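S.K.: Before I ask anything, let me first share the structure, which is written out below as structure tokens.
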Amino acid sequence: AEDGIRDAQESRGLGDVYKRQKLDRKEHLKNIKNDRILGSCKFCLSNKHMQQESIISMGKFTYLALPHIDTFYENGHFLIVPFEHHRNLVDFEEEEYDEVRNFMKCLIQCFDKKDQSVMFFEACYNLQNMPHSVIEAIVFPTKYFDDAKMYFKKALNEIEGEWTTHKKIIEIQKQKGGIRKQIPKGFPYFYVDFDTQQGYAHVIEDEKNFKKTFAYEIFGDFLNLSLIHISEPTRQAEISYAVFCLKKK
């Protein structure tokens with residue numbers, strides 16, 4: 001009987017060792033994948049692939065830059081990017097988030113003098129691939145501001161069909177803590193911010209069918225512009241903004 005108990009204990013011990021080895025190997029492979037992603041990220045300042053000539057201004061935690069290839073269109077297209085490789089705004093620390101908002105306010109004030117508005121958006125998906133968070137800023141004539149809000153609200157209400165688990169539109173408000181408090185961590189989402197005080201967010205439930213051109217097509221609609229070149233970005237490509245050229249309809 002004692003031999004049987006001893007054999008059972010040894011068997012359990014070997015099983016525990018095997019489980020630990022399996023977990024260690026899984027963690028090791030995960031680290032290799034993460035290192036590969038970080039090593040090829042074109043937004044990390046420490047990476048040799050990062051095009052530092054595109055940077056306009058550096059903060060303490062984030063930087064303001066131009067897109068890597070073609071700008072969205074002639075009025076203006078900017079990127080606000082964190083130094084740290086965060087996947088989205090929800091992952092930001094408070095001080096990082098505050099600096100992003102400061103960049104937003106600076107852009108709004110700058111273009112307001114020219115009777116232009118700035119709208120910001122973030123498309124956050126494929127989180128398992130550790131994307132580097134990028135907040136895009138599009139400059140457009142202020143006369144289209146109300147149209148922009150209406151077009152985005154309509155598009156978000158119609159996205160992903162009739163049946164969804166989450167609300168089609170989550171109204172993001174500063175007094176409710178903003179995007180960092182109103183969207184749970186780990187969820188893919190699309191977020192558009194109108195004036196740093198309010199915006200709309202949508203939790204993406206069907207990532208495979210979520211159009212990477214979503215925001216660009218909406219901007220094209222209310223600005224009366226046409227997409228003349230569309231090329232689906234790969235996981236390692238800069239980001240979807242880099243493959244669009246626009247022209248007047």
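We label chains A, B, ... in the order they appear in the structure tokens, count residues from 1 in each chain, and number ligands from 1 in the order shown.
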Show which residues sit within 7 Å of A:Lys168, as a list in words. Count only C-alpha atoms, and ignore same-chain residues fewer than 4 positions away.
M.R.: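 Residues meeting the cut-off are Leu156, Asn157 and His202 of chain A.
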S.K.: What are the closest atom pairs, with distances in Å to one decimal, for all residues of stretch 118-158 of chain A lying within 12 Å of stretch 44-59 of chain A? Consider only C-alpha atoms, order rows by chain and residue number, and present the result as CSV.
M.R.:
residue,atom,partner,partner_atom,distance
A:Pro131,CA,A:Cys44,CA,10.9
A:His132,CA,A:Cys44,CA,7.9
A:Ser133,CA,A:Cys44,CA,10.3
A:Val134,CA,A:Cys44,CA,11.1
S.K.: Name all residues at most 8 Å from stretch 106-115 of chain A (count only C-alpha atoms; drop same-chain ones fewer than 5 positions away) and give them as a list in words.
M.R.: Val139, Pro141, Thr142 and Asp195 of chain A
S.K.: Keeping only all heavy atoms, take the residues you just selected and write them out as a PDB file, in the first residue's frame.
M.R.:
ATOM      1  N   VAL A 139      -7.646  67.323 -39.671  1.00  0.00           N
ATOM      2  CA  VAL A 139      -8.032  68.733 -39.708  1.00  0.00           C
ATOM      3  C   VAL A 139      -8.997  68.947 -40.873  1.00  0.00           C
ATOM      4  O   VAL A 139      -8.774  68.429 -41.971  1.00  0.00           O
ATOM      5  CB  VAL A 139      -6.789  69.634 -39.885  1.00  0.00           C
ATOM      6  CG1 VAL A 139      -7.191  71.106 -39.847  1.00  0.00           C
ATOM      7  CG2 VAL A 139      -5.750  69.323 -38.812  1.00  0.00           C
ATOM      8  N   PRO A 141     -12.434  71.855 -42.375  1.00  0.00           N
ATOM      9  CA  PRO A 141     -13.139  73.125 -42.175  1.00  0.00           C
ATOM     10  C   PRO A 141     -14.210  73.021 -41.089  1.00  0.00           C
ATOM     11  O   PRO A 141     -14.973  72.048 -41.051  1.00  0.00           O
ATOM     12  CB  PRO A 141     -13.762  73.399 -43.550  1.00  0.00           C
ATOM     13  CG  PRO A 141     -12.882  72.672 -44.512  1.00  0.00           C
ATOM     14  CD  PRO A 141     -12.465  71.426 -43.786  1.00  0.00           C
ATOM     15  N   THR A 142     -14.278  74.012 -40.224  1.00  0.00           N
ATOM     16  CA  THR A 142     -15.213  73.995 -39.099  1.00  0.00           C
ATOM     17  C   THR A 142     -16.666  73.901 -39.550  1.00  0.00           C
ATOM     18  O   THR A 142     -17.513  73.367 -38.827  1.00  0.00           O
ATOM     19  CB  THR A 142     -15.005  75.248 -38.230  1.00  0.00           C
ATOM     20  OG1 THR A 142     -13.667  75.220 -37.698  1.00  0.00           O
ATOM     21  CG2 THR A 142     -15.981  75.289 -37.068  1.00  0.00           C
ATOM     22  N   ASP A 195     -13.974  67.106 -29.331  1.00  0.00           N
ATOM     23  CA  ASP A 195     -13.422  68.368 -28.822  1.00  0.00           C
ATOM     24  C   ASP A 195     -12.768  68.195 -27.450  1.00  0.00           C
ATOM     25  O   ASP A 195     -12.688  69.155 -26.688  1.00  0.00           O
ATOM     26  CB  ASP A 195     -14.522  69.437 -28.734  1.00  0.00           C
ATOM     27  CG  ASP A 195     -15.745  68.948 -27.951  1.00  0.00           C
ATOM     28  OD1 ASP A 195     -15.632  67.899 -27.282  1.00  0.00           O
ATOM     29  OD2 ASP A 195     -16.791  69.613 -28.006  1.00  0.00           O
TER      30      ASP A 195
END
S.K.: Counting only C-alpha atoms, what is within 12 Å of A:Phe140, bar same-chain residues fewer than 6 positions away, as a PyMOL selection string?
M.R.: chain A and resi 72-77+107-108+111-112+114-120+146-148+194+219-220+222-225
S.K.: Here is a test: counting only C-alpha atoms, which residue of A:Val90, A:Gln197, A:Glu171, A:Lys42 is nearest to A:Pro184?
M.R.: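 Ranking A:Val90, A:Gln197, A:Glu171, A:Lys42 by distance to A:Pro184, first place goes to A:Val90.
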S.K.: Just checking: using only C-alpha atoms, which residue out of A:Ile179, A:Ala65, A:Cys41, A:Ile169 ends up closest to A:Val203?
M.R.: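 So, comparing all the options, the nearest one is A:Ile169.
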S.K.: Rank A:Gly199, A:Pro67, A:Gly178, A:Gly39 by their smallest atom-to-atom distance to A:Leu89, using only C-alpha atoms, and report the top residue only.
M.R.: A:Gly178
S.K.: Using only C-alpha atoms, pick whichever of A:Glu122, A:Ile135, A:Gln173, A:Gly186 has the shortest atom-to-atom distance to A:Lys212.
M.R.: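 Checking each of A:Glu122, A:Ile135, A:Gln173, A:Gly186 against A:Lys212, counting only C-alpha atoms, the winner is A:Glu122.
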S.K.: Could you state the separation of atom CA of A:Val81 and atom CA of A:Phe121 in Å, given to one decimal place?
M.R.: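 Those two atoms sit 12.2 Å apart.
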S.K.: Step one, run DSSP on the backbone; step two, keep only residues of stretch 159-211 of chain A assigned to alpha helix (DSSP H); then write them as a PyMOL selection string.
M.R.: chain A and resi 179-182
S.K.: Enter the distance from atom CA of A:Phe61 to atom CA of A:Val100, in Å, rounded to one decimal.
M.R.: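 So the answer is 8.6 Å.
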S.K.: Calculate how many Å separate atom CA of A:Ile80 from atom CA of A:Leu66, rounding to one decimal.
M.R.: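 One can read the atom CA of A:Ile80 to atom CA of A:Leu66 distance as 8.9 Å.
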S.K.: For A:His85, which residue among A:Thr213, A:Met104, A:Asp98, A:Phe43 is the nearest when counting only C-alpha atoms?
M.R.: A:Phe43
S.K.: What residues in stretch 117-152 of chain A get the DSSP label strand (DSSP E)? Please answer as a ChimeraX atom specification.
M.R.: /A:117-124,135-141
S.K.: Considering only C-alpha atoms, state which residue in the set A:Ala123, A:Tyr144, A:Asn129, A:Lys154 is at the smallest distance from A:Pro188.
M.R.: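 For A:Pro188, the nearest of the candidates is A:Ala123.
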